[in-house]
file upload.pdb (PDB, C-alpha atoms)
MODEL        1
ATOM      1  CA  MET A1051      41.570  84.720 103.082  1.00  0.00           C
ATOM      2  CA  THR A1052      40.743  87.695 105.342  1.00  0.00           C
ATOM      3  CA  GLU A1053      40.115  85.317 108.252  1.00  0.00           C
ATOM      4  CA  ILE A1054      43.517  83.680 107.728  1.00  0.00           C
ATOM      5  CA  ILE A1055      45.200  87.102 107.823  1.00  0.00           C
ATOM      6  CA  LEU A1056      43.320  87.979 111.007  1.00  0.00           C
ATOM      7  CA  MET A1057      44.139  84.619 112.616  1.00  0.00           C
ATOM      8  CA  ALA A1058      47.815  85.022 111.650  1.00  0.00           C
ATOM      9  CA  HIS A1059      47.783  88.408 113.407  1.00  0.00           C
ATOM     10  CA  VAL A1060      46.388  86.835 116.590  1.00  0.00           C
ATOM     11  CA  LEU A1061      48.752  83.849 116.300  1.00  0.00           C
ATOM     12  CA  PHE A1062      51.865  86.033 116.039  1.00  0.00           C
ATOM     13  CA  GLY A1063      50.630  88.154 118.951  1.00  0.00           C
ATOM     14  CA  MET A1064      49.989  85.117 121.139  1.00  0.00           C
ATOM     15  CA  LEU A1065      53.369  83.587 120.234  1.00  0.00           C
ATOM     16  CA  CYS A1066      54.971  86.920 121.161  1.00  0.00           C
ATOM     17  CA  ILE A1067      53.312  86.765 124.597  1.00  0.00           C
ATOM     18  CA  VAL A1068      54.332  83.117 125.108  1.00  0.00           C
ATOM     19  CA  ALA A1069      57.926  83.891 124.076  1.00  0.00           C
ATOM     20  CA  GLY A1070      57.814  86.904 126.425  1.00  0.00           C
ATOM     21  CA  VAL A1071      56.801  84.715 129.388  1.00  0.00           C
ATOM     22  CA  TRP A1072      59.556  82.251 128.436  1.00  0.00           C
ATOM     23  CA  LEU A1073      62.092  85.090 128.338  1.00  0.00           C
ATOM     24  CA  PHE A1074      60.866  86.482 131.687  1.00  0.00           C
ATOM     25  CA  VAL A1075      61.419  83.110 133.390  1.00  0.00           C
ATOM     26  CA  ASP A1076      64.786  82.618 131.660  1.00  0.00           C
ATOM     27  CA  VAL A1077      66.000  86.071 132.766  1.00  0.00           C
ATOM     28  CA  LEU A1078      64.774  85.442 136.327  1.00  0.00           C
ATOM     29  CA  HIS A1079      67.099  82.409 136.293  1.00  0.00           C
ATOM     30  CA  ALA A1080      69.842  84.070 134.251  1.00  0.00           C
ATOM     31  CA  ASN A1081      73.204  82.308 134.276  1.00  0.00           C
ATOM     32  CA  GLU A1082      76.131  81.937 131.892  1.00  0.00           C
ATOM     33  CA  ALA A1083      74.557  78.852 130.272  1.00  0.00           C
ATOM     34  CA  ASN A1084      71.315  80.528 129.127  1.00  0.00           C
ATOM     35  CA  GLN A1085      72.730  83.847 127.863  1.00  0.00           C
ATOM     36  CA  GLY A1086      72.655  82.757 124.216  1.00  0.00           C
ATOM     37  CA  ARG A1087      69.047  81.593 124.538  1.00  0.00           C
ATOM     38  CA  ILE A1088      68.013  84.835 126.261  1.00  0.00           C
ATOM     39  CA  LYS A1089      69.409  86.851 123.351  1.00  0.00           C
ATOM     40  CA  ARG A1090      67.746  84.591 120.744  1.00  0.00           C
ATOM     41  CA  VAL A1091      64.341  84.601 122.484  1.00  0.00           C
ATOM     42  CA  SER A1092      64.471  88.399 122.893  1.00  0.00           C
ATOM     43  CA  ILE A1093      65.003  88.687 119.123  1.00  0.00           C
ATOM     44  CA  ALA A1094      62.127  86.225 118.584  1.00  0.00           C
ATOM     45  CA  VAL A1095      59.824  88.375 120.770  1.00  0.00           C
ATOM     46  CA  ALA A1096      60.701  91.450 118.689  1.00  0.00           C
ATOM     47  CA  ALA A1097      60.290  89.586 115.376  1.00  0.00           C
ATOM     48  CA  LEU A1098      56.922  88.112 116.421  1.00  0.00           C
ATOM     49  CA  MET A1099      55.691  91.521 117.548  1.00  0.00           C
ATOM     50  CA  TRP A1100      56.722  93.083 114.234  1.00  0.00           C
ATOM     51  CA  LEU A1101      54.946  90.274 112.339  1.00  0.00           C
ATOM     52  CA  ALA A1102      51.783  90.710 114.451  1.00  0.00           C
ATOM     53  CA  TYR A1103      51.941  94.474 113.871  1.00  0.00           C
ATOM     54  CA  LEU A1104      52.503  94.290 110.112  1.00  0.00           C
ATOM     55  CA  VAL A1105      49.937  91.539 109.451  1.00  0.00           C
ATOM     56  CA  GLY A1106      47.382  93.190 111.764  1.00  0.00           C
ATOM     57  CA  GLY A1107      48.126  96.564 110.201  1.00  0.00           C
ATOM     58  CA  TYR A1108      47.550  95.189 106.704  1.00  0.00           C
ATOM     59  CA  TRP A1109      44.212  93.710 107.783  1.00  0.00           C
ATOM     60  CA  TYR A1110      43.220  96.895 109.624  1.00  0.00           C
ATOM     61  CA  LEU A1111      43.978  99.127 106.637  1.00  0.00           C
ATOM     62  CA  THR A1112      42.518  96.807 104.002  1.00  0.00           C
ATOM     63  CA  TYR A1113      39.505  95.044 105.505  1.00  0.00           C
ATOM     64  CA  TYR A1114      38.565  96.553 108.871  1.00  0.00           C
ATOM     65  CA  TYR A1115      36.405  99.375 107.447  1.00  0.00           C
ATOM     66  CA  VAL A1116      33.598  96.822 106.860  1.00  0.00           C
ATOM     67  CA  ASP A1117      33.668  95.625 110.497  1.00  0.00           C
ATOM     68  CA  LYS A1118      33.969  99.217 111.702  1.00  0.00           C
ATOM     69  CA  ALA A1119      30.760 100.265 109.916  1.00  0.00           C
ATOM     70  CA  ILE A1120      28.921  97.230 111.341  1.00  0.00           C
ATOM     71  CA  ILE A1121      30.230  97.770 114.893  1.00  0.00           C
ATOM     72  CA  LEU A1122      29.319 101.476 114.940  1.00  0.00           C
ATOM     73  CA  LYS A1123      25.704 100.670 113.981  1.00  0.00           C
ATOM     74  CA  GLY A1124      25.423  97.933 116.620  1.00  0.00           C
ATOM     75  CA  PRO A1125      24.809  97.879 120.378  1.00  0.00           C
ATOM     76  CA  TRP A1126      28.556  97.964 121.179  1.00  0.00           C
ATOM     77  CA  PRO A1127      29.913 101.000 119.268  1.00  0.00           C
ATOM     78  CA  PHE A1128      32.557 101.402 122.002  1.00  0.00           C
ATOM     79  CA  ALA A1129      34.176  98.221 120.622  1.00  0.00           C
ATOM     80  CA  HIS A1130      35.507 100.502 117.886  1.00  0.00           C
ATOM     81  CA  SER A1131      35.397 104.000 119.371  1.00  0.00           C
ATOM     82  CA  PHE A1132      37.328 103.009 122.467  1.00  0.00           C
ATOM     83  CA  PHE A1133      38.839  99.529 122.156  1.00  0.00           C
ATOM     84  CA  MET A1134      40.036  99.617 118.526  1.00  0.00           C
ATOM     85  CA  GLU A1135      41.194 103.229 118.707  1.00  0.00           C
ATOM     86  CA  MET A1136      43.088 102.517 121.938  1.00  0.00           C
ATOM     87  CA  LYS A1137      44.465  99.197 120.618  1.00  0.00           C
ATOM     88  CA  GLU A1138      45.843 100.589 117.355  1.00  0.00           C
ATOM     89  CA  HIS A1139      47.796 103.290 119.216  1.00  0.00           C
ATOM     90  CA  VAL A1140      48.946 101.330 122.273  1.00  0.00           C
ATOM     91  CA  ALA A1141      50.227  98.751 119.752  1.00  0.00           C
ATOM     92  CA  ILE A1142      52.780 101.324 118.541  1.00  0.00           C
ATOM     93  CA  MET A1143      54.097 101.600 122.099  1.00  0.00           C
ATOM     94  CA  LEU A1144      54.213  97.813 122.312  1.00  0.00           C
ATOM     95  CA  LEU A1145      56.163  97.711 119.040  1.00  0.00           C
ATOM     96  CA  LEU A1146      58.739 100.125 120.485  1.00  0.00           C
ATOM     97  CA  LEU A1147      59.041  98.045 123.678  1.00  0.00           C
ATOM     98  CA  ALA A1148      59.592  94.874 121.623  1.00  0.00           C
ATOM     99  CA  THR A1149      62.125  96.643 119.377  1.00  0.00           C
ATOM    100  CA  TYR A1150      64.049  97.809 122.434  1.00  0.00           C
ATOM    101  CA  LEU A1151      64.039  94.363 124.096  1.00  0.00           C
ATOM    102  CA  PRO A1152      66.959  92.778 122.130  1.00  0.00           C
ATOM    103  CA  ILE A1153      69.035  95.931 122.749  1.00  0.00           C
ATOM    104  CA  ALA A1154      68.549  95.595 126.526  1.00  0.00           C
ATOM    105  CA  ALA A1155      68.986  91.803 126.409  1.00  0.00           C
ATOM    106  CA  ALA A1156      72.321  92.135 124.583  1.00  0.00           C
ATOM    107  CA  SER A1157      73.957  92.730 127.996  1.00  0.00           C
ATOM    108  CA  ASN A1158      75.020  89.790 130.140  1.00  0.00           C
ATOM    109  CA  THR A1159      72.014  89.419 132.458  1.00  0.00           C
ATOM    110  CA  ALA A1160      73.810  86.728 134.466  1.00  0.00           C
ATOM    111  CA  VAL A1161      76.325  89.199 135.934  1.00  0.00           C
ATOM    112  CA  ASN A1162      74.689  92.589 135.352  1.00  0.00           C
ATOM    113  CA  LYS A1163      71.767  92.876 137.785  1.00  0.00           C
ATOM    114  CA  GLY A1164      70.868  96.315 136.446  1.00  0.00           C
ATOM    115  CA  ALA A1165      70.477  95.002 132.895  1.00  0.00           C
ATOM    116  CA  ARG A1166      68.486  92.044 134.245  1.00  0.00           C
ATOM    117  CA  LYS A1167      66.100  94.444 135.998  1.00  0.00           C
ATOM    118  CA  VAL A1168      65.599  96.492 132.810  1.00  0.00           C
ATOM    119  CA  VAL A1169      64.925  93.381 130.688  1.00  0.00           C
ATOM    120  CA  LEU A1170      62.459  91.997 133.262  1.00  0.00           C
ATOM    121  CA  TRP A1171      60.463  95.245 133.342  1.00  0.00           C
ATOM    122  CA  VAL A1172      60.436  95.636 129.573  1.00  0.00           C
ATOM    123  CA  VAL A1173      59.391  92.051 128.855  1.00  0.00           C
ATOM    124  CA  GLY A1174      56.878  92.229 131.722  1.00  0.00           C
ATOM    125  CA  PHE A1175      55.250  95.224 130.036  1.00  0.00           C
ATOM    126  CA  ILE A1176      55.261  93.423 126.676  1.00  0.00           C
ATOM    127  CA  VAL A1177      53.404  90.450 128.193  1.00  0.00           C
ATOM    128  CA  LEU A1178      50.877  92.550 130.165  1.00  0.00           C
ATOM    129  CA  ILE A1179      50.140  95.020 127.360  1.00  0.00           C
ATOM    130  CA  GLY A1180      50.030  92.103 124.900  1.00  0.00           C
ATOM    131  CA  ILE A1181      47.350  90.363 126.996  1.00  0.00           C
ATOM    132  CA  ALA A1182      45.384  93.630 127.335  1.00  0.00           C
ATOM    133  CA  ILE A1183      45.533  94.199 123.567  1.00  0.00           C
ATOM    134  CA  ASP A1184      44.494  90.603 122.930  1.00  0.00           C
ATOM    135  CA  GLY A1185      41.473  91.190 125.178  1.00  0.00           C
ATOM    136  CA  ALA A1186      40.666  94.391 123.288  1.00  0.00           C
ATOM    137  CA  GLY A1187      40.768  92.384 120.043  1.00  0.00           C
ATOM    138  CA  ALA A1188      38.261  89.926 121.511  1.00  0.00           C
ATOM    139  CA  ILE A1189      35.917  92.780 122.478  1.00  0.00           C
ATOM    140  CA  ILE A1190      36.163  94.203 118.936  1.00  0.00           C
ATOM    141  CA  GLY A1191      35.223  90.760 117.563  1.00  0.00           C
ATOM    142  CA  ILE A1192      32.260  90.520 119.941  1.00  0.00           C
ATOM    143  CA  GLY A1193      31.266  94.076 118.982  1.00  0.00           C
ATOM    144  CA  ALA A1194      30.915  92.939 115.355  1.00  0.00           C
ATOM    145  CA  LYS A1195      29.098  89.764 116.405  1.00  0.00           C
ATOM    146  CA  VAL A1196      26.459  91.495 118.548  1.00  0.00           C
ATOM    147  CA  ALA A1197      25.918  94.071 115.797  1.00  0.00           C
ATOM    148  CA  LEU A1198      25.265  91.305 113.244  1.00  0.00           C
ATOM    149  CA  MET A1199      23.005  89.481 115.717  1.00  0.00           C
ATOM    150  CA  ALA A1200      21.018  92.698 116.234  1.00  0.00           C
ATOM    151  CA  THR A1201      20.420  93.052 112.491  1.00  0.00           C
ATOM    152  CA  LYS A1202      19.148  89.441 112.316  1.00  0.00           C
ATOM    153  CA  GLY A1203      16.604  90.246 115.045  1.00  0.00           C
TER     154      GLY A1203
ATOM    155  CA  MET B 714      78.900  95.171 137.397  1.00  0.00           C
ATOM    156  CA  ASP B 715      75.663  97.153 137.534  1.00  0.00           C
ATOM    157  CA  THR B 716      76.624  99.690 134.869  1.00  0.00           C
ATOM    158  CA  LEU B 717      74.328  99.589 131.870  1.00  0.00           C
ATOM    159  CA  SER B 718      75.698  99.707 128.337  1.00  0.00           C
ATOM    160  CA  LYS B 719      75.334 103.040 126.551  1.00  0.00           C
ATOM    161  CA  TYR B 720      72.856 101.525 124.091  1.00  0.00           C
ATOM    162  CA  THR B 721      70.678 100.059 126.854  1.00  0.00           C
ATOM    163  CA  VAL B 722      70.478 103.495 128.488  1.00  0.00           C
ATOM    164  CA  SER B 723      70.179 105.596 125.326  1.00  0.00           C
ATOM    165  CA  PHE B 724      67.563 103.478 123.594  1.00  0.00           C
ATOM    166  CA  GLY B 725      65.750 102.931 126.911  1.00  0.00           C
ATOM    167  CA  ALA B 726      65.478 106.703 127.347  1.00  0.00           C
ATOM    168  CA  SER B 727      64.453 106.958 123.695  1.00  0.00           C
ATOM    169  CA  LEU B 728      61.731 104.363 124.328  1.00  0.00           C
ATOM    170  CA  ALA B 729      60.376 106.506 127.159  1.00  0.00           C
ATOM    171  CA  ILE B 730      60.503 109.717 125.104  1.00  0.00           C
ATOM    172  CA  THR B 731      58.887 108.205 121.984  1.00  0.00           C
ATOM    173  CA  SER B 732      56.151 106.519 124.057  1.00  0.00           C
ATOM    174  CA  ILE B 733      55.105 109.893 125.441  1.00  0.00           C
ATOM    175  CA  LEU B 734      55.524 111.555 122.013  1.00  0.00           C
ATOM    176  CA  SER B 735      53.331 108.869 120.450  1.00  0.00           C
ATOM    177  CA  ALA B 736      50.580 109.387 123.047  1.00  0.00           C
ATOM    178  CA  LEU B 737      50.727 113.170 122.585  1.00  0.00           C
ATOM    179  CA  LEU B 738      50.607 112.770 118.801  1.00  0.00           C
ATOM    180  CA  VAL B 739      47.364 110.780 119.223  1.00  0.00           C
ATOM    181  CA  VAL B 740      45.766 113.719 121.031  1.00  0.00           C
ATOM    182  CA  VAL B 741      47.170 116.358 118.671  1.00  0.00           C
ATOM    183  CA  LYS B 742      46.167 114.576 115.446  1.00  0.00           C
ATOM    184  CA  GLU B 743      42.670 113.669 116.677  1.00  0.00           C
ATOM    185  CA  LEU B 744      42.009 117.245 117.797  1.00  0.00           C
ATOM    186  CA  ASN B 745      43.341 118.687 114.527  1.00  0.00           C
ATOM    187  CA  GLU B 746      41.684 116.573 111.851  1.00  0.00           C
ATOM    188  CA  ASN B 747      41.913 119.163 109.095  1.00  0.00           C
ATOM    189  CA  SER B 748      45.573 119.982 109.584  1.00  0.00           C
ATOM    190  CA  VAL B 749      47.711 117.373 111.422  1.00  0.00           C
ATOM    191  CA  LEU B 750      45.572 114.301 110.679  1.00  0.00           C
ATOM    192  CA  ALA B 751      45.105 115.357 107.048  1.00  0.00           C
ATOM    193  CA  TRP B 752      48.872 115.907 106.664  1.00  0.00           C
ATOM    194  CA  MET B 753      49.581 112.477 108.184  1.00  0.00           C
ATOM    195  CA  LYS B 754      47.050 110.853 105.839  1.00  0.00           C
ATOM    196  CA  GLY B 755      48.563 112.642 102.866  1.00  0.00           C
ATOM    197  CA  LEU B 756      52.067 111.465 103.683  1.00  0.00           C
ATOM    198  CA  THR B 757      51.443 107.691 103.502  1.00  0.00           C
ATOM    199  CA  SER B 758      47.723 107.290 102.641  1.00  0.00           C
ATOM    200  CA  HIS B 759      46.801 106.526 106.282  1.00  0.00           C
ATOM    201  CA  HIS B 760      47.536 108.473 109.464  1.00  0.00           C
ATOM    202  CA  TRP B 761      48.254 105.248 111.378  1.00  0.00           C
ATOM    203  CA  ILE B 762      51.055 104.247 108.970  1.00  0.00           C
ATOM    204  CA  THR B 763      52.587 107.715 109.294  1.00  0.00           C
ATOM    205  CA  HIS B 764      52.236 107.568 113.085  1.00  0.00           C
ATOM    206  CA  GLY B 765      54.009 104.210 113.303  1.00  0.00           C
ATOM    207  CA  LEU B 766      56.765 105.233 110.882  1.00  0.00           C
ATOM    208  CA  LEU B 767      57.406 108.530 112.675  1.00  0.00           C
ATOM    209  CA  MET B 768      57.680 106.792 116.043  1.00  0.00           C
ATOM    210  CA  VAL B 769      60.043 104.056 114.819  1.00  0.00           C
ATOM    211  CA  ILE B 770      62.249 106.670 113.116  1.00  0.00           C
ATOM    212  CA  ALA B 771      62.137 108.849 116.265  1.00  0.00           C
ATOM    213  CA  PHE B 772      63.031 105.859 118.470  1.00  0.00           C
ATOM    214  CA  PHE B 773      66.190 105.086 116.484  1.00  0.00           C
ATOM    215  CA  ALA B 774      67.143 108.743 115.872  1.00  0.00           C
ATOM    216  CA  ILE B 775      66.758 109.787 119.531  1.00  0.00           C
ATOM    217  CA  GLY B 776      68.446 106.603 120.783  1.00  0.00           C
ATOM    218  CA  TRP B 777      71.350 107.104 118.382  1.00  0.00           C
ATOM    219  CA  GLY B 778      71.631 110.776 119.372  1.00  0.00           C
ATOM    220  CA  LEU B 779      71.635 110.018 123.106  1.00  0.00           C
ATOM    221  CA  ALA B 780      74.293 107.334 122.552  1.00  0.00           C
ATOM    222  CA  LYS B 781      76.541 110.007 120.985  1.00  0.00           C
ATOM    223  CA  MET B 782      76.314 112.288 124.037  1.00  0.00           C
ATOM    224  CA  ASN B 783      79.227 112.799 126.465  1.00  0.00           C
ATOM    225  CA  ASN B 784      81.861 112.431 123.707  1.00  0.00           C
ATOM    226  CA  GLY B 785      80.414 109.118 122.563  1.00  0.00           C
ATOM    227  CA  GLU B 786      80.027 107.617 126.025  1.00  0.00           C
ATOM    228  CA  GLY B 787      76.282 108.111 125.904  1.00  0.00           C
ATOM    229  CA  LEU B 788      73.711 109.107 128.473  1.00  0.00           C
ATOM    230  CA  LYS B 789      74.478 108.109 132.075  1.00  0.00           C
ATOM    231  CA  ILE B 790      71.590 106.815 134.215  1.00  0.00           C
ATOM    232  CA  THR B 791      71.453 104.197 136.961  1.00  0.00           C
ATOM    233  CA  PRO B 792      69.457 101.019 136.186  1.00  0.00           C
ATOM    234  CA  GLU B 793      66.869 101.955 138.842  1.00  0.00           C
ATOM    235  CA  ARG B 794      66.320 105.384 137.304  1.00  0.00           C
ATOM    236  CA  LEU B 795      66.081 103.943 133.776  1.00  0.00           C
ATOM    237  CA  VAL B 796      63.449 101.425 134.925  1.00  0.00           C
ATOM    238  CA  CYS B 797      61.582 104.268 136.661  1.00  0.00           C
ATOM    239  CA  VAL B 798      61.713 106.452 133.514  1.00  0.00           C
ATOM    240  CA  ILE B 799      60.554 103.642 131.192  1.00  0.00           C
ATOM    241  CA  THR B 800      57.797 102.493 133.573  1.00  0.00           C
ATOM    242  CA  SER B 801      56.494 106.032 134.095  1.00  0.00           C
ATOM    243  CA  ALA B 802      56.489 106.762 130.364  1.00  0.00           C
ATOM    244  CA  ILE B 803      54.659 103.544 129.467  1.00  0.00           C
ATOM    245  CA  VAL B 804      52.032 104.055 132.187  1.00  0.00           C
ATOM    246  CA  ILE B 805      51.558 107.774 131.400  1.00  0.00           C
ATOM    247  CA  GLY B 806      51.496 107.115 127.637  1.00  0.00           C
ATOM    248  CA  GLY B 807      48.911 104.352 128.082  1.00  0.00           C
ATOM    249  CA  LEU B 808      46.790 106.564 130.333  1.00  0.00           C
ATOM    250  CA  ILE B 809      46.910 109.476 127.869  1.00  0.00           C
ATOM    251  CA  ILE B 810      45.753 107.246 124.988  1.00  0.00           C
ATOM    252  CA  SER B 811      43.083 105.385 127.006  1.00  0.00           C
ATOM    253  CA  GLY B 812      41.904 108.548 128.750  1.00  0.00           C
ATOM    254  CA  PHE B 813      41.611 110.447 125.485  1.00  0.00           C
ATOM    255  CA  TYR B 814      39.453 107.825 123.762  1.00  0.00           C
ATOM    256  CA  LEU B 815      37.425 107.247 126.930  1.00  0.00           C
ATOM    257  CA  ALA B 816      36.614 110.950 127.113  1.00  0.00           C
ATOM    258  CA  ASP B 817      36.141 111.322 123.338  1.00  0.00           C
TER     259      ASP B 817
ENDMDL
END
call {"tool": "encode", "arguments": {"input": "upload.pdb", "output": "structure tokens"}}
result
Amino acid sequence: MTEIILMAHVLFGMLCIVAGVWLFVDVLHANEANQGRIKRVSIAVAALMWLAYLVGGYWYLTYYYVDKAIILKGPWPFAHSFFMEMKEHVAIMLLLLATYLPIAAASNTAVNKGARKVVLWVVGFIVLIGIAIDGAGAIIGIGAKVALMATKG
Amino acid sequence: MDTLSKYTVSFGASLAITSILSALLVVVKELNENSVLAWMKGLTSHHWITHGLLMVIAFFAIGWGLAKMNNGEGLKITPERLVCVITSAIVIGGLIISGFYLAD
């Protein structure tokens, strides 16, 4: 069950990034015809980020202490002390960016170049920070793996 | 038609402010485990839940407040300046958090 929760966290995060790339391309080619889709996808990005945050948060608060103890005793303690600590706090910033996105995307990006610029920067940050956080998650996973391998000799 | 809506500007500025506040709160709580961190843990059982809740509340409260400025017309900033403010805050906030844990 814990693995399913963890995989759901990663899945929602990855879908958020994919939807973010989709939105970025759509806003680059903003016109009157795709305004409805831009607004819907921006809401989807925010919803997926909130799901990733809540599911990941539940796992972090309920199950992560076991992994944390293993990682800190292993050869990659920085997987927790830097990558997890950084990830859990940068994620709050990412959540705020994603929450703001539908507010910025509510403007007509086909005619308002200023609003288009704001949406592009915000969704660009969501995608880049999302990828960085995904990478941090992978390092945390490897940190637990190398710690378990070290105990097996 | 390059004028941003009052909510785009106000909540964009709020995003920048809360991103910096969040990064500063990381430093303050980690350096004050017996007071700030303990208070945050006591409030919701985990400091990270409190941190997230405080930032989401601050984001909406500050955004709402900025939207009420200028007799309800909201904060006035050009799109270029708003992008600059948001970008700077995200980069500085990220550097504060990463730098703190790197040095810790």
call {"tool": "resolve_selection", "arguments": {"input": "upload.pdb", "expression": "the ChimeraX specification (/A :<6) & /B", "output": "list in words"}}
result
Met714, Asp715, Thr721, Ser732, Pro792, Val796, Ser811 and Tyr814 of chain B
call {"tool": "resolve_selection", "arguments": {"input": "upload.pdb", "expression": "the PyMOL selection byres ((chain B and resi 741-757) around 12)", "output": "PyMOL selection string"}}
result
(chain A and resi 1111+1135+1139) or (chain B and resi 734-740+758-767+809-810+813-814+817)
call {"tool": "resolve_selection", "arguments": {"input": "upload.pdb", "expression": "the PyMOL selection byres ((chain A and resi 1193) around 8)", "output": "number ranges by chain"}}
result
A: 1121, 1124-1127, 1129-1130, 1189-1192, 1194-1197
call {"tool": "write_last_selection", "arguments": {"input": "upload.pdb", "atoms": "C-alpha atoms", "output": "PDB file, in the coordinates of the input"}}
result
ATOM      1  CA  ILE A1121      30.230  97.770 114.893  1.00  0.00           C
ATOM      2  CA  GLY A1124      25.423  97.933 116.620  1.00  0.00           C
ATOM      3  CA  PRO A1125      24.809  97.879 120.378  1.00  0.00           C
ATOM      4  CA  TRP A1126      28.556  97.964 121.179  1.00  0.00           C
ATOM      5  CA  PRO A1127      29.913 101.000 119.268  1.00  0.00           C
ATOM      6  CA  ALA A1129      34.176  98.221 120.622  1.00  0.00           C
ATOM      7  CA  HIS A1130      35.507 100.502 117.886  1.00  0.00           C
ATOM      8  CA  ILE A1189      35.917  92.780 122.478  1.00  0.00           C
ATOM      9  CA  ILE A1190      36.163  94.203 118.936  1.00  0.00           C
ATOM     10  CA  GLY A1191      35.223  90.760 117.563  1.00  0.00           C
ATOM     11  CA  ILE A1192      32.260  90.520 119.941  1.00  0.00           C
ATOM     12  CA  ALA A1194      30.915  92.939 115.355  1.00  0.00           C
ATOM     13  CA  LYS A1195      29.098  89.764 116.405  1.00  0.00           C
ATOM     14  CA  VAL A1196      26.459  91.495 118.548  1.00  0.00           C
ATOM     15  CA  ALA A1197      25.918  94.071 115.797  1.00  0.00           C
TER      16      ALA A1197
END
call {"tool": "closest_residue", "arguments": {"input": "upload.pdb", "among": "B:Gly776, B:Thr716, B:Leu788, B:Gly807", "to": "B:Leu728", "atoms": "only C-alpha atoms"}}
result
B:Gly776
call {"tool": "atom_distance", "arguments": {"input": "upload.pdb", "atom1": "atom CA of B:Val804", "atom2": "atom CA of A:Leu1178"}}
result
11.7 Å
call {"tool": "residues_around", "arguments": {"input": "upload.pdb", "residues": "A:Asp1076", "least_positions_apart": "3", "cutoff": "12 Å", "atoms": "all atoms listed in the file", "output": "mmCIF file with C-alpha atoms, in the frame of the given file"}}
result
data_model
loop_
_atom_site.group_PDB
_atom_site.id
_atom_site.type_symbol
_atom_site.label_atom_id
_atom_site.label_comp_id
_atom_site.auth_asym_id
_atom_site.auth_seq_id
_atom_site.Cartn_x
_atom_site.Cartn_y
_atom_site.Cartn_z
ATOM 1 C CA ALA A 1069 57.926 83.891 124.076
ATOM 2 C CA GLY A 1070 57.814 86.904 126.425
ATOM 3 C CA VAL A 1071 56.801 84.715 129.388
ATOM 4 C CA TRP A 1072 59.556 82.251 128.436
ATOM 5 C CA LEU A 1073 62.092 85.090 128.338
ATOM 6 C CA HIS A 1079 67.099 82.409 136.293
ATOM 7 C CA ALA A 1080 69.842 84.070 134.251
ATOM 8 C CA ASN A 1081 73.204 82.308 134.276
ATOM 9 C CA GLU A 1082 76.131 81.937 131.892
ATOM 10 C CA ALA A 1083 74.557 78.852 130.272
ATOM 11 C CA ASN A 1084 71.315 80.528 129.127
ATOM 12 C CA GLN A 1085 72.730 83.847 127.863
ATOM 13 C CA GLY A 1086 72.655 82.757 124.216
ATOM 14 C CA ARG A 1087 69.047 81.593 124.538
ATOM 15 C CA ILE A 1088 68.013 84.835 126.261
ATOM 16 C CA LYS A 1089 69.409 86.851 123.351
ATOM 17 C CA ARG A 1090 67.746 84.591 120.744
ATOM 18 C CA VAL A 1091 64.341 84.601 122.484
ATOM 19 C CA SER A 1092 64.471 88.399 122.893
ATOM 20 C CA ALA A 1155 68.986 91.803 126.409
ATOM 21 C CA THR A 1159 72.014 89.419 132.458
ATOM 22 C CA ALA A 1160 73.810 86.728 134.466
ATOM 23 C CA ARG A 1166 68.486 92.044 134.245
ATOM 24 C CA VAL A 1169 64.925 93.381 130.688
ATOM 25 C CA LEU A 1170 62.459 91.997 133.262
ATOM 26 C CA VAL A 1173 59.391 92.051 128.855
#
call {"tool": "atom_distance", "arguments": {"input": "upload.pdb", "atom1": "atom CA of A:Leu1078", "atom2": "atom CA of A:Ile1176"}}
result
15.7 Å
call {"tool": "atom_distance", "arguments": {"input": "upload.pdb", "atom1": "atom CA of A:Leu1098", "atom2": "atom CA of A:Gly1063"}}
result
6.8 Å
call {"tool": "closest_residue", "arguments": {"input": "upload.pdb", "among": "A:Cys1066, A:Ile1055, A:Ala1182, A:Leu1198", "to": "A:Trp1100", "atoms": "all atoms listed in the file"}}
result
A:Cys1066
call {"tool": "closest_residue", "arguments": {"input": "upload.pdb", "among": "A:Ala1148, A:Val1177, A:Ala1058, A:Ala1186", "to": "A:Ala1102", "atoms": "all atoms listed in the file"}}
result
A:Ala1058
call {"tool": "residues_near_point", "arguments": {"input": "upload.pdb", "point": "(75.9, 106.7, 132.6)", "cutoff": "8 Å", "atoms": "all atoms listed in the file", "output": "list in words"}}
result
Thr716, Leu717, Lys719, Val722, Glu786, Gly787, Leu788, Lys789, Ile790 and Thr791 of chain B
call {"tool": "closest_residue", "arguments": {"input": "upload.pdb", "among": "B:Ile805, B:Asn784, B:Thr800, B:Ala726", "to": "B:Ala771", "atoms": "only C-alpha atoms"}}
result
B:Ala726
call {"tool": "closest_residue", "arguments": {"input": "upload.pdb", "among": "B:Asn783, B:Val798, B:Gly806, B:Thr731", "to": "B:Ile770", "atoms": "all atoms listed in the file"}}
result
B:Thr731
call {"tool": "build_atoms", "arguments": {"input": "upload.pdb", "residues": "stretch 1065-1070 of chain A", "atoms": "N, CA and C atoms", "output": "CSV table (one decimal), keeping the file's coordinate frame"}}
result
chain,number,residue,atom,x,y,z
A,1065,LEU,N,52.0,84.2,120.2
A,1065,LEU,CA,53.4,83.6,120.2
A,1065,LEU,C,54.3,84.6,120.9
A,1066,CYS,N,54.1,85.9,120.6
A,1066,CYS,CA,55.0,86.9,121.2
A,1066,CYS,C,54.8,86.9,122.7
A,1067,ILE,N,53.6,86.8,123.2
A,1067,ILE,CA,53.3,86.8,124.6
A,1067,ILE,C,53.9,85.5,125.2
A,1068,VAL,N,53.8,84.4,124.6
A,1068,VAL,CA,54.3,83.1,125.1
A,1068,VAL,C,55.9,83.2,125.2
A,1069,ALA,N,56.5,83.7,124.1
A,1069,ALA,CA,57.9,83.9,124.1
A,1069,ALA,C,58.4,84.9,125.2
A,1070,GLY,N,57.5,85.9,125.4
A,1070,GLY,CA,57.8,86.9,126.4
A,1070,GLY,C,57.8,86.3,127.8
